[in-house]
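Data block for run15.txt (compact mmCIF, C-alpha atoms and all ligand atoms):
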```txt
# COMPACT_ATOMS: atom_id res chain seq x y z
CA MET S 1 6.11 23.93 -12.42
CA LYS S 2 9.37 25.73 -11.88
CA ARG S 3 12.05 23.40 -13.20
CA ARG S 4 15.59 24.39 -12.58
CA SER S 5 18.38 22.01 -13.20
CA LEU S 6 21.54 21.19 -11.35
CA THR S 7 24.60 19.96 -13.15
CA PRO S 8 25.93 17.38 -10.71
CA THR S 9 29.62 17.18 -10.03
CA LEU S 10 30.00 13.48 -10.55
CA LEU S 11 33.72 13.13 -10.58
CA PRO S 12 35.70 13.30 -7.39
CA ASP S 13 38.75 15.49 -7.42
CA VAL S 14 41.27 12.70 -7.61
CA VAL S 15 44.20 12.80 -9.99
CA GLY S 16 45.34 9.71 -11.89
CA GLY S 17 45.23 6.07 -10.80
CA GLU S 18 43.15 3.17 -12.00
CA GLY S 19 39.44 3.98 -11.88
CA ALA S 20 40.12 7.72 -11.55
CA ASN S 21 37.29 8.41 -14.01
CA ARG S 22 34.78 6.35 -12.13
CA PRO S 23 31.66 8.34 -11.14
CA ASP S 24 31.31 8.72 -7.38
CA VAL S 25 28.06 7.15 -6.19
CA LEU S 26 27.80 9.33 -3.08
CA SER S 27 28.09 12.61 -4.95
CA ARG S 28 25.64 11.30 -7.55
CA LEU S 29 23.13 10.57 -4.79
CA ALA S 30 23.67 14.00 -3.27
CA ALA S 31 23.08 15.62 -6.67
CA ALA S 32 19.85 13.64 -7.15
CA HIS S 33 18.73 14.79 -3.70
CA ALA S 34 19.44 18.41 -4.53
CA GLN S 35 17.53 18.11 -7.80
CA ARG S 36 14.51 16.70 -5.97
CA ALA S 37 14.51 19.68 -3.64
CA LEU S 38 14.55 22.07 -6.63
CA ASP S 39 11.61 20.20 -8.16
CA ASP S 40 9.46 20.44 -4.99
CA LEU S 41 9.71 16.66 -4.71
CA LEU S 42 11.73 16.23 -1.55
CA ARG S 43 10.22 13.74 0.90
CA GLN S 44 10.72 14.23 4.60
CA ALA S 45 9.54 12.28 7.63
CA SER S 46 7.75 14.26 10.32
CA THR S 47 8.45 12.94 13.81
CA VAL S 48 5.15 12.16 15.45
CA GLU S 49 5.00 13.27 19.09
CA ALA S 50 1.68 11.61 19.96
CA VAL S 51 -1.06 9.82 18.08
CA ASP S 52 -4.38 8.13 18.67
CA ALA S 53 -6.96 6.83 16.24
CA THR S 54 -7.81 10.26 14.83
CA CYS S 55 -5.36 12.80 16.24
CA ILE S 56 -1.67 13.25 15.47
CA VAL S 57 0.76 15.67 17.11
CA VAL S 58 3.51 16.91 14.80
CA ASP S 59 5.83 19.88 15.44
CA GLY S 60 3.96 20.56 18.68
CA LYS S 61 0.65 20.93 16.85
CA ALA S 62 -2.33 18.59 17.33
CA LEU S 63 -3.99 17.79 14.01
CA ARG S 64 -6.94 15.60 12.95
CA ASN S 65 -5.26 12.71 11.17
CA PHE S 66 -6.53 11.89 7.69
CA ALA S 67 -3.33 10.20 6.48
CA SER S 68 -3.33 6.87 8.31
CA ASN S 69 -4.00 3.43 6.84
CA ASP S 70 -5.53 2.37 10.17
CA TYR S 71 -8.93 2.27 8.42
CA LEU S 72 -10.77 0.55 11.25
CA GLY S 73 -9.03 2.21 14.20
CA LEU S 74 -7.34 -0.99 15.42
CA ALA S 75 -3.70 0.05 15.90
CA GLN S 76 -4.43 0.97 19.53
CA HIS S 77 -7.38 -1.36 20.16
CA ALA S 78 -7.19 -2.81 23.69
CA ALA S 79 -7.56 -6.46 22.61
CA VAL S 80 -4.92 -6.07 19.90
CA CYS S 81 -2.44 -4.43 22.28
CA ASP S 82 -3.16 -7.01 25.02
CA ALA S 83 -2.46 -9.88 22.63
CA ALA S 84 0.92 -8.33 21.79
CA ARG S 85 1.72 -7.81 25.49
CA GLN S 86 0.89 -11.42 26.36
CA ALA S 87 3.10 -12.72 23.56
CA ILE S 88 5.94 -10.47 24.74
CA ALA S 89 5.50 -11.82 28.27
CA ARG S 90 5.90 -15.33 26.87
CA TRP S 91 8.63 -14.88 24.27
CA GLY S 92 10.24 -11.50 24.72
CA VAL S 93 10.34 -9.12 21.77
CA GLY S 94 12.28 -10.63 18.89
CA ALA S 95 11.75 -13.94 17.09
CA THR S 96 15.58 -14.29 17.30
CA ALA S 97 15.87 -16.40 14.13
CA ALA S 98 14.46 -16.97 10.67
CA HIS S 99 11.24 -19.01 10.40
CA LEU S 100 13.12 -22.07 9.15
CA LEU S 101 15.81 -21.86 11.83
CA GLY S 102 13.87 -21.69 15.10
CA GLY S 103 12.02 -18.37 14.73
CA HIS S 104 8.59 -19.84 13.87
CA ARG S 105 6.39 -19.81 16.99
CA GLU S 106 2.85 -20.93 17.83
CA GLU S 107 1.57 -17.41 17.17
CA HIS S 108 2.94 -17.50 13.60
CA ALA S 109 1.47 -20.93 12.91
CA ALA S 110 -1.92 -19.96 14.36
CA LEU S 111 -2.01 -16.73 12.37
CA GLU S 112 -1.17 -18.50 9.11
CA GLU S 113 -4.02 -20.94 9.69
CA LYS S 114 -6.43 -18.16 10.58
CA LEU S 115 -5.50 -16.11 7.50
CA ALA S 116 -5.96 -19.14 5.23
CA ARG S 117 -9.41 -19.88 6.67
CA TRP S 118 -10.48 -16.22 6.52
CA THR S 119 -9.46 -15.73 2.91
CA GLY S 120 -10.70 -19.16 1.77
CA ARG S 121 -7.28 -20.41 0.74
CA ASP S 122 -5.54 -23.74 1.49
CA ARG S 123 -2.58 -22.17 3.23
CA ALA S 124 -0.92 -18.84 4.03
CA LEU S 125 2.69 -17.82 4.62
CA LEU S 126 3.80 -14.85 6.71
CA PHE S 127 6.35 -12.26 5.61
CA SER S 128 7.75 -9.42 7.69
CA THR S 129 6.45 -6.70 5.35
CA GLY S 130 4.27 -6.39 2.28
CA TYR S 131 7.25 -5.21 0.28
CA MET S 132 9.06 -8.44 1.14
CA ALA S 133 6.00 -10.59 0.41
CA ASN S 134 5.73 -9.20 -3.11
CA LEU S 135 9.47 -9.48 -3.79
CA GLY S 136 9.52 -13.02 -2.38
CA ALA S 137 6.49 -14.29 -4.30
CA LEU S 138 7.41 -12.70 -7.64
CA CYS S 139 11.05 -13.78 -7.50
CA ALA S 140 10.06 -17.34 -6.59
CA LEU S 141 7.50 -17.54 -9.39
CA LEU S 142 9.30 -15.70 -12.20
CA GLY S 143 12.60 -16.01 -14.01
CA ALA S 144 14.45 -14.87 -17.10
CA GLY S 145 12.40 -15.32 -20.29
CA ASP S 146 9.07 -14.96 -18.44
CA VAL S 147 6.69 -12.04 -18.79
CA CYS S 148 5.06 -10.15 -15.92
CA VAL S 149 2.10 -7.96 -16.90
CA GLN S 150 1.17 -5.23 -14.45
CA ASP S 151 -1.21 -2.29 -14.06
CA LYS S 152 0.66 1.02 -14.43
CA LEU S 153 -0.52 2.13 -11.00
CA ASN S 154 0.61 -1.00 -9.14
CA HIS S 155 2.52 -0.61 -5.90
CA ALA S 156 6.30 -0.21 -6.27
CA SER S 157 6.97 -3.56 -4.59
CA LEU S 158 5.13 -5.41 -7.37
CA LEU S 159 7.07 -3.60 -10.08
CA ASP S 160 10.35 -4.16 -8.25
CA GLY S 161 9.56 -7.84 -7.67
CA ALA S 162 9.03 -8.52 -11.37
CA GLN S 163 12.30 -6.84 -12.24
CA LEU S 164 14.27 -8.53 -9.49
CA GLY S 165 12.80 -11.85 -10.63
CA GLY S 166 14.32 -11.23 -14.07
CA ALA S 167 11.03 -11.33 -16.01
CA GLU S 168 10.18 -8.89 -18.78
CA LEU S 169 7.90 -6.30 -17.16
CA LYS S 170 5.06 -5.12 -19.40
CA ARG S 171 2.72 -2.51 -17.99
CA TYR S 172 -0.81 -1.67 -19.10
CA ALA S 173 -2.89 1.49 -18.76
CA HIS S 174 -4.67 1.65 -15.44
CA ALA S 175 -7.50 -0.93 -15.14
CA ASP S 176 -7.51 -1.47 -18.92
CA VAL S 177 -8.14 -5.21 -19.32
CA ALA S 178 -7.97 -5.04 -23.15
CA ALA S 179 -4.51 -3.46 -22.86
CA ALA S 180 -3.48 -6.20 -20.41
CA GLU S 181 -4.66 -8.77 -22.95
CA ARG S 182 -2.54 -7.17 -25.67
CA GLN S 183 0.51 -7.33 -23.41
CA LEU S 184 -0.05 -11.02 -22.73
CA GLN S 185 -0.68 -11.74 -26.42
CA SER S 186 2.64 -10.09 -27.32
CA ARG S 187 4.46 -12.97 -25.55
CA PRO S 188 2.24 -16.01 -26.23
CA ASP S 189 4.93 -18.59 -25.49
CA ALA S 190 6.36 -17.10 -22.32
CA ALA S 191 5.37 -18.22 -18.84
CA ALA S 192 3.22 -15.32 -17.63
CA LEU S 193 2.00 -13.75 -14.41
CA LEU S 194 -0.40 -10.81 -14.22
CA ALA S 195 -0.20 -8.75 -11.03
CA SER S 196 -2.53 -6.01 -9.84
CA ASP S 197 -3.31 -4.11 -6.68
CA GLY S 198 -6.79 -5.16 -5.47
CA VAL S 199 -7.45 -1.62 -4.18
CA PHE S 200 -5.06 0.92 -5.70
CA SER S 201 -3.06 2.53 -2.95
CA MET S 202 -2.95 6.09 -4.30
CA ASP S 203 -6.29 6.15 -6.17
CA GLY S 204 -8.54 4.01 -3.98
CA ASP S 205 -10.41 2.27 -6.82
CA VAL S 206 -10.89 -1.49 -6.99
CA ALA S 207 -9.27 -3.45 -9.84
CA PRO S 208 -11.52 -5.15 -12.43
CA LEU S 209 -10.93 -8.44 -10.65
CA ALA S 210 -13.41 -10.71 -12.44
CA GLU S 211 -12.26 -9.53 -15.88
CA LEU S 212 -8.59 -9.95 -14.99
CA ALA S 213 -9.26 -13.48 -13.69
CA ALA S 214 -11.13 -14.41 -16.88
CA LEU S 215 -8.30 -13.00 -19.00
CA CYS S 216 -5.69 -14.95 -17.06
CA LYS S 217 -7.65 -18.16 -17.57
CA THR S 218 -7.90 -17.73 -21.35
CA GLN S 219 -4.26 -16.66 -21.57
CA HIS S 220 -2.96 -19.38 -19.20
CA ALA S 221 -1.34 -16.74 -17.01
CA ALA S 222 -1.15 -16.83 -13.21
CA LEU S 223 -2.93 -13.98 -11.38
CA LEU S 224 -1.51 -12.26 -8.30
CA ILE S 225 -3.69 -9.77 -6.42
CA ASP S 226 -2.14 -7.49 -3.80
CA ASP S 227 -5.03 -6.71 -1.45
CA ALA S 228 -3.08 -4.57 1.02
CA HIS S 229 -5.85 -1.96 1.09
CA GLY S 230 -8.84 -4.29 0.63
CA LEU S 231 -8.24 -6.66 3.54
CA GLY S 232 -10.32 -5.71 6.56
CA VAL S 233 -12.32 -3.14 4.62
CA LEU S 234 -14.12 -4.93 1.79
CA GLY S 235 -16.23 -8.08 1.80
CA ALA S 236 -18.94 -9.27 4.16
CA ASP S 237 -16.54 -10.28 6.93
CA GLY S 238 -13.72 -8.01 5.84
CA ALA S 239 -11.77 -10.71 3.99
CA GLY S 240 -10.99 -8.27 1.19
CA SER S 241 -11.71 -7.37 -2.41
CA VAL S 242 -11.10 -10.87 -3.74
CA THR S 243 -13.61 -12.50 -1.38
CA GLU S 244 -16.05 -9.63 -1.94
CA ALA S 245 -15.91 -10.51 -5.65
CA SER S 246 -16.48 -14.21 -4.72
CA MET S 247 -13.23 -15.21 -6.36
CA SER S 248 -11.86 -18.58 -5.41
CA GLN S 249 -8.28 -19.78 -5.15
CA ASP S 250 -8.70 -21.09 -8.67
CA ASP S 251 -9.59 -17.56 -9.90
CA VAL S 252 -6.82 -15.81 -7.93
CA PRO S 253 -4.11 -18.39 -7.26
CA VAL S 254 -1.73 -15.92 -5.58
CA LEU S 255 -3.33 -13.63 -2.98
CA MET S 256 -1.13 -11.25 -1.05
CA ALA S 257 -2.19 -8.78 1.64
CA THR S 258 -0.63 -6.80 4.45
CA LEU S 259 -1.30 -6.71 8.19
CA GLY S 260 -0.16 -3.11 8.64
CA LYS S 261 -3.14 -1.26 7.22
CA ALA S 262 -6.74 -2.08 8.25
CA LEU S 263 -5.46 -4.63 10.79
CA GLY S 264 -3.35 -1.90 12.39
CA VAL S 265 -0.29 -4.12 13.00
CA ALA S 266 2.60 -4.91 10.60
CA GLY S 267 3.67 -7.71 8.30
CA ALA S 268 2.04 -9.48 5.39
CA PHE S 269 1.14 -12.85 3.94
CA VAL S 270 0.75 -14.73 0.69
CA ALA S 271 -2.13 -17.22 0.51
CA GLY S 272 -2.97 -19.91 -2.00
CA SER S 273 -2.64 -23.61 -2.69
CA ALA S 274 -0.48 -25.90 -0.59
CA ALA S 275 1.81 -26.27 -3.62
CA LEU S 276 2.27 -22.50 -3.87
CA ILE S 277 3.11 -22.15 -0.18
CA ASP S 278 5.45 -25.17 -0.23
CA GLY S 279 7.26 -23.58 -3.16
CA LEU S 280 7.53 -20.18 -1.46
CA VAL S 281 8.98 -21.76 1.69
CA GLN S 282 11.80 -23.14 -0.47
CA PHE S 283 12.36 -20.32 -2.95
CA ALA S 284 11.06 -16.98 -1.58
CA ARG S 285 14.35 -15.48 -0.47
CA SER S 286 12.71 -12.66 1.51
CA TYR S 287 11.04 -15.40 3.59
CA VAL S 288 14.05 -17.67 3.98
CA TYR S 289 16.87 -15.21 4.61
CA THR S 290 15.36 -12.92 7.23
CA THR S 291 14.40 -12.91 10.89
CA ALA S 292 10.80 -13.98 11.46
CA MET S 293 8.39 -11.19 12.40
CA PRO S 294 8.18 -10.78 16.19
CA PRO S 295 5.64 -13.28 17.59
CA ALA S 296 3.91 -10.40 19.39
CA LEU S 297 2.97 -8.93 16.01
CA ALA S 298 1.54 -12.26 14.89
CA ALA S 299 -0.52 -12.42 18.12
CA ALA S 300 -1.69 -8.82 17.63
CA ALA S 301 -2.68 -9.46 13.99
CA SER S 302 -4.61 -12.53 15.05
CA ALA S 303 -6.55 -10.50 17.64
CA ALA S 304 -7.14 -7.78 15.04
CA ILE S 305 -8.71 -10.30 12.64
CA ASP S 306 -11.21 -11.25 15.38
CA VAL S 307 -12.15 -7.59 15.84
CA VAL S 308 -12.51 -7.11 12.07
CA ARG S 309 -14.74 -10.16 11.73
CA PHE S 310 -16.87 -9.77 14.82
CA GLU S 311 -17.30 -5.99 14.92
CA PRO S 312 -18.87 -5.30 11.51
CA TRP S 313 -20.07 -1.91 12.81
CA ARG S 314 -16.56 -0.59 12.09
CA ARG S 315 -16.88 -1.36 8.37
CA GLU S 316 -20.44 -0.04 8.33
CA LYS S 317 -19.43 3.23 10.01
CA LEU S 318 -16.51 3.58 7.61
CA GLN S 319 -18.87 3.21 4.65
CA ARG S 320 -21.14 5.92 6.11
CA LEU S 321 -18.17 8.27 6.50
CA ILE S 322 -17.02 7.56 2.94
CA ALA S 323 -20.52 8.37 1.64
CA HIS S 324 -20.59 11.54 3.76
CA PHE S 325 -17.19 12.65 2.48
CA ARG S 326 -18.09 12.06 -1.17
CA HIS S 327 -21.46 13.79 -0.83
CA GLY S 328 -19.90 16.78 0.96
CA ALA S 329 -17.15 17.01 -1.64
CA ALA S 330 -19.69 17.06 -4.48
CA GLU S 331 -21.64 19.84 -2.69
CA ARG S 332 -18.47 21.93 -2.40
CA GLY S 333 -17.28 21.29 -5.96
CA ILE S 334 -14.26 19.25 -4.79
CA ALA S 335 -13.39 16.78 -7.55
CA LEU S 336 -12.65 13.27 -6.32
CA LEU S 337 -11.46 10.13 -8.05
CA PRO S 338 -14.00 7.31 -8.43
CA SER S 339 -13.33 5.42 -5.19
CA ARG S 340 -15.65 3.57 -2.79
CA THR S 341 -12.85 2.73 -0.35
CA PRO S 342 -11.34 4.76 2.54
CA ILE S 343 -8.69 6.09 0.13
CA GLN S 344 -10.24 9.31 -1.24
CA PRO S 345 -7.59 11.32 -3.13
CA VAL S 346 -8.16 14.95 -4.01
CA LEU S 347 -6.32 15.58 -7.27
CA ILE S 348 -4.43 18.90 -7.27
CA GLY S 349 -1.96 18.84 -10.20
CA THR S 350 1.55 20.19 -9.79
CA SER S 351 3.73 19.28 -6.84
CA ALA S 352 4.01 22.95 -5.79
CA ALA S 353 0.22 23.32 -5.76
CA ALA S 354 -0.20 20.09 -3.79
CA LEU S 355 2.35 21.24 -1.20
CA ALA S 356 0.57 24.58 -0.92
CA ALA S 357 -2.81 22.86 -0.50
CA ALA S 358 -1.41 20.53 2.19
CA LYS S 359 -0.11 23.59 4.03
CA VAL S 360 -3.52 25.29 4.01
CA VAL S 361 -5.21 22.11 5.23
CA ARG S 362 -2.60 21.78 7.97
CA ALA S 363 -3.05 25.36 9.10
CA ALA S 364 -6.75 24.55 9.49
CA GLY S 365 -5.82 21.64 11.82
CA PHE S 366 -5.80 18.61 9.50
CA PHE S 367 -2.95 16.26 8.58
CA VAL S 368 -3.20 15.22 4.91
CA PRO S 369 0.24 15.07 3.27
CA ALA S 370 0.75 15.83 -0.42
CA ILE S 371 1.60 12.82 -2.59
CA ARG S 372 3.87 13.73 -5.48
CA PRO S 373 5.76 12.06 -8.34
CA PRO S 374 7.28 9.52 -8.61
CA THR S 375 4.73 7.96 -6.24
CA VAL S 376 1.99 9.25 -8.58
CA PRO S 377 2.27 10.24 -12.28
CA GLU S 378 3.66 13.66 -13.25
CA GLY S 379 0.96 16.38 -13.06
CA LYS S 380 -1.23 14.25 -10.78
CA ALA S 381 0.03 15.32 -7.36
CA ARG S 382 -2.72 15.03 -4.80
CA LEU S 383 -3.85 15.13 -1.23
CA ARG S 384 -4.42 11.49 -0.27
CA VAL S 385 -7.27 11.62 2.21
CA THR S 386 -7.83 8.39 4.12
CA LEU S 387 -10.85 7.85 6.30
CA SER S 388 -11.10 5.69 9.40
CA ALA S 389 -14.00 4.22 11.35
CA ALA S 390 -12.50 6.13 14.29
CA HIS S 391 -13.41 9.48 12.65
CA GLU S 392 -16.68 11.23 13.37
CA GLU S 393 -18.97 13.08 10.96
CA ALA S 394 -17.82 16.39 12.45
CA ASP S 395 -14.18 15.54 11.61
CA VAL S 396 -15.20 14.88 8.01
CA GLU S 397 -17.16 18.17 7.80
CA GLY S 398 -14.18 20.11 9.13
CA LEU S 399 -11.87 18.45 6.63
CA LEU S 400 -14.21 19.17 3.72
CA ASN S 401 -14.29 22.87 4.62
CA ALA S 402 -10.49 22.97 4.88
CA LEU S 403 -10.13 21.18 1.54
CA ALA S 404 -12.44 23.64 -0.18
CA ARG S 405 -10.25 26.51 1.07
CA ALA S 406 -7.05 24.68 0.10
CA ILE S 407 -8.23 24.00 -3.42
CA GLY S 408 -9.12 27.67 -3.84
CA ALA S 409 -5.62 28.61 -2.65
CA SER S 410 -3.91 26.12 -4.96
CA ARG S 411 -5.91 27.42 -7.94
CA MET S 412 -4.71 30.95 -7.15
CA LEU S 413 -1.14 29.61 -7.13
CA ALA S 414 -1.66 27.95 -10.51
CA ASP S 415 -3.09 31.21 -11.99
CA ARG S 416 -0.07 33.22 -10.92
C1 LIG F 501 -0.59 -2.06 -2.45
C2 LIG F 501 0.54 -2.19 -1.48
N1 LIG F 501 1.30 -3.30 -1.51
C3 LIG F 501 2.34 -3.47 -0.68
C4 LIG F 501 2.66 -2.52 0.25
C5 LIG F 501 3.84 -2.74 1.14
O1 LIG F 501 3.42 -3.17 2.39
P1 LIG F 501 4.33 -2.94 3.67
O2 LIG F 501 4.11 -1.54 4.11
O3 LIG F 501 3.85 -3.95 4.65
O4 LIG F 501 5.74 -3.20 3.23
C6 LIG F 501 1.89 -1.34 0.33
C7 LIG F 501 2.13 -0.25 1.29
O5 LIG F 501 3.01 -0.05 1.99
C8 LIG F 501 0.82 -1.18 -0.56
O6 LIG F 501 0.09 -0.05 -0.54
```
Would you give me this structure, written as structure tokens?
Amino acid sequence: MKRRSLTPTLLPDVVGGEGANRPDVLSRLAAAHAQRALDDLLRQASTVEAVDATCIVVDGKALRNFASNDYLGLAQHAAVCDAARQAIARWGVGATAAHLLGGHREEHAALEEKLARWTGRDRALLFSTGYMANLGALCALLGAGDVCVQDKLNHASLLDGAQLGGAELKRYAHADVAAAERQLQSRPDAAALLASDGVFSMDGDVAPLAELAALCKTQHAALLIDDAHGLGVLGADGAGSVTEASMSQDDVPVLMATLGKALGVAGAFVAGSAALIDGLVQFARSYVYTTAMPPALAAAASAAIDVVRFEPWRREKLQRLIAHFRHGAAERGIALLPSRTPIQPVLIGTSAAALAAAKVVRAAGFFVPAIRPPTVPEGKARLRVTLSAAHEEADVEGLLNALARAIGASRMLADR
């Protein structure tokens, strides 16, 4: 990778005075931004001009969308949209207050009950985003002197939550239960929580859930599973990776998942014992000190759960498309990571090569953005393909052909 370096001008041109040698935070940020651009790591939002379950229009160009987390095609489902409209007709748009101060409506209460029943937990508590759910739960559960053991590939919100909570964060090599055990053993007297993604967001594999639960029991550590990408997709009625693995509330006392991926809406929840939820209501600051999610989103998520549960054909079709994609990739010599979920990353290598591959795929009519460090480890930039039940076999075939061409092009770039 080309690696040039910028020497940032950190000091403002101010003469004398107290604090004159203080670094300027704005110029430091600007220098970090410029460095990212030099390293091919700049992230930019594309403004979407139109979208449906499988097509996205960006920069005036219609592309087949293989970048969405709408794994079941529910974000525009008629029943889900109608539920949101009806709630808006009743309440207007905003919740207008925090849950504890008049923002908690019937739709929130009903959704919490439905989520608890679906996931086999005593209770559930809504948060406005998954990021906030993880921060809230980890900060409520952890404090200074505690240890939080986490998979190296966990989502950023889990890592941030442990640090914000003040615990010592100890990471273990991806899915390596023996390494997790060593980390727990290194602090035998500390209160401990082990946190893992259920389905890893950038790799698509499922965590070794049963082994992690057994380890936590022998080590007297609490286990938190973030099932953002498992909910809706895995398990007989879509209740996620933890239910698929038949793991009870006793096995996984803290279950977190989001409503913005397979459910196609937004928001998140933590589910577990009544004692856990009672404690979060008091001490999860990202629950207490924020406006409740709009009731229309709670109504939409509730309708989406019904579709997930009562239209199993969506999960079945998704599984067929995943099998098709993996088979077609093997036939074309496209190396994939070991994933049985809709997240099917194609490892490329350097950031420059991943950007080049994404460009080739886009020119062929497909939207699959490159994922680069620090979201993924250095040297493991990739195209994160995500499949949806809304895709058809022909979409998958077209993508496979485009990927084969893109990989060829990125190899040529690497050989130069
Ligand atoms: C594993 C995981 N946890 C948490 C989150 C955060 O969820 P949200 O987008 O609702 O903040 C995400 C993705 O965004 C995720 O992939």
Tell me which of S:Val242, S:Val58, S:Val346, S:Leu224 sits closest to Arg362 in chain S, counting only C-alpha atoms.
->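 Going through S:Val242, S:Val58, S:Val346, S:Leu224 one by one, the smallest distance to Arg362 in chain S is for S:Val58.
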Give me, as a CSV table (one decimal) with C-alpha atoms, in the frame of the given file, all polymer residues having an atom no more than 8 Å from range 132-149 of chain S, counting all atoms listed in the file and skipping those fewer than 4 positions away in the same chain.
```
chain,number,residue,atom,x,y,z
S,126,LEU,CA,3.8,-14.8,6.7
S,127,PHE,CA,6.4,-12.3,5.6
S,128,SER,CA,7.8,-9.4,7.7
S,157,SER,CA,7.0,-3.6,-4.6
S,158,LEU,CA,5.1,-5.4,-7.4
S,160,ASP,CA,10.4,-4.2,-8.2
S,161,GLY,CA,9.6,-7.8,-7.7
S,162,ALA,CA,9.0,-8.5,-11.4
S,164,LEU,CA,14.3,-8.5,-9.5
S,165,GLY,CA,12.8,-11.8,-10.6
S,166,GLY,CA,14.3,-11.2,-14.1
S,167,ALA,CA,11.0,-11.3,-16.0
S,168,GLU,CA,10.2,-8.9,-18.8
S,169,LEU,CA,7.9,-6.3,-17.2
S,170,LYS,CA,5.1,-5.1,-19.4
S,171,ARG,CA,2.7,-2.5,-18.0
S,172,TYR,CA,-0.8,-1.7,-19.1
S,180,ALA,CA,-3.5,-6.2,-20.4
S,183,GLN,CA,0.5,-7.3,-23.4
S,184,LEU,CA,0.0,-11.0,-22.7
S,187,ARG,CA,4.5,-13.0,-25.6
S,190,ALA,CA,6.4,-17.1,-22.3
S,191,ALA,CA,5.4,-18.2,-18.8
S,192,ALA,CA,3.2,-15.3,-17.6
S,193,LEU,CA,2.0,-13.8,-14.4
S,194,LEU,CA,-0.4,-10.8,-14.2
S,195,ALA,CA,-0.2,-8.8,-11.0
S,256,MET,CA,-1.1,-11.2,-1.0
S,268,ALA,CA,2.0,-9.5,5.4
S,269,PHE,CA,1.1,-12.8,3.9
S,270,VAL,CA,0.8,-14.7,0.7
S,279,GLY,CA,7.3,-23.6,-3.2
S,280,LEU,CA,7.5,-20.2,-1.5
S,283,PHE,CA,12.4,-20.3,-3.0
S,284,ALA,CA,11.1,-17.0,-1.6
S,285,ARG,CA,14.4,-15.5,-0.5
S,286,SER,CA,12.7,-12.7,1.5
S,287,TYR,CA,11.0,-15.4,3.6
```
Rows by chain and residue number, chain S within 6 Å of ligand LIG 501 (chain F), shortest pair, all atoms listed in the file, as a Markdown table:
```
| residue | atom | partner | partner_atom | distance |
| --- | --- | --- | --- | --- |
| S:Thr129 | CA | F:LIG501 | O3 | 3.8 |
| S:Gly130 | CA | F:LIG501 | O1 | 3.3 |
| S:Tyr131 | CA | F:LIG501 | O4 | 3.9 |
| S:His155 | CA | F:LIG501 | C1 | 4.9 |
| S:Asp197 | CA | F:LIG501 | C1 | 5.4 |
| S:Ser201 | CA | F:LIG501 | O6 | 4.7 |
| S:Asp226 | CA | F:LIG501 | C1 | 5.8 |
| S:Ala228 | CA | F:LIG501 | C1 | 5.0 |
| S:Thr258 | CA | F:LIG501 | O3 | 5.3 |
| S:Gly260 | CA | F:LIG501 | O3 | 5.7 |
| S:Gly267 | CA | F:LIG501 | O3 | 5.2 |
| S:Ala268 | CA | F:LIG501 | O3 | 5.9 |
```
Selection from above, C-alpha atoms, as a CSV table (one decimal), in the frame of the given file, can you write it?
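File written: selection.csv
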```csv
chain,number,residue,atom,x,y,z
S,129,THR,CA,6.4,-6.7,5.4
S,130,GLY,CA,4.3,-6.4,2.3
S,131,TYR,CA,7.2,-5.2,0.3
S,155,HIS,CA,2.5,-0.6,-5.9
S,197,ASP,CA,-3.3,-4.1,-6.7
S,201,SER,CA,-3.1,2.5,-3.0
S,226,ASP,CA,-2.1,-7.5,-3.8
S,228,ALA,CA,-3.1,-4.6,1.0
S,258,THR,CA,-0.6,-6.8,4.4
S,260,GLY,CA,-0.2,-3.1,8.6
S,267,GLY,CA,3.7,-7.7,8.3
S,268,ALA,CA,2.0,-9.5,5.4
```
Using all atoms listed in the file, find the one residue out of S:Pro373, S:Ala179, S:Ser273, S:Phe66 that sits nearest to Arg36 in chain S.
->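 Looking only at the distances to Arg36 in chain S, the closest residue turns out to be S:Pro373.
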Each residue of range 259-335 of chain S with at least one atom at most 8 Å from range 231-238 of chain S should appear once, together with its nearest atom pair and the corresponding distance in Å (one decimal); atoms considered: only C-alpha atoms; ordering: chain, then increasing residue number; output as a tab-separated table.
```
residue	atom	partner	partner_atom	distance
S:Ala262	CA	S:Gly232	CA	5.4
S:Leu263	CA	S:Gly232	CA	6.5
S:Ile305	CA	S:Gly232	CA	7.8
S:Val308	CA	S:Gly232	CA	6.1
S:Arg309	CA	S:Asp237	CA	5.1
S:Phe310	CA	S:Asp237	CA	7.9
S:Pro312	CA	S:Asp237	CA	7.2
S:Arg315	CA	S:Val233	CA	6.2
```
Tell me, as an NGL selection string, which residues lie within 12 Å of range 78-87 of chain S, counting all atoms listed in the file; anything in the same chain fewer than 2 positions away does not count.
-> :S and (73-76 or 89-95 or 105-108 or 263-266 or 294-308)
Gap from CA of Pro374 in chain S to CA of Met202 in chain S - Å, one decimal = 11.6 Å
Would you list the contacts of Ala274 in chain S as a list in words, taking every protein, DNA or RNA residue within 8 Å and counting all atoms listed in the file, but skipping same-chain residues closer than 2 positions in sequence?
->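 Neighbouring residues, sequence-local ones excluded: Asp122, Arg123, Gly272, Leu276, Ile277 and Asp278 of chain S.
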Contacts of Arg43 in chain S within 12 Å, only C-alpha atoms, excl. fewer than 5 positions in-chain, as number ranges by chain | S: 33-34, 36-37, 351, 355, 369-375
Create the file for the chosen residues now, containing C-alpha atoms and written as a compact mmCIF listing (two decimals), keeping the file's coordinate frame.
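Generated file (result31.txt):
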```txt
# COMPACT_ATOMS: atom_id res chain seq x y z
CA HIS S 33 18.73 14.79 -3.70
CA ALA S 34 19.44 18.41 -4.53
CA ARG S 36 14.51 16.70 -5.97
CA ALA S 37 14.51 19.68 -3.64
CA SER S 351 3.73 19.28 -6.84
CA LEU S 355 2.35 21.24 -1.20
CA PRO S 369 0.24 15.07 3.27
CA ALA S 370 0.75 15.83 -0.42
CA ILE S 371 1.60 12.82 -2.59
CA ARG S 372 3.87 13.73 -5.48
CA PRO S 373 5.76 12.06 -8.34
CA PRO S 374 7.28 9.52 -8.61
CA THR S 375 4.73 7.96 -6.24
```
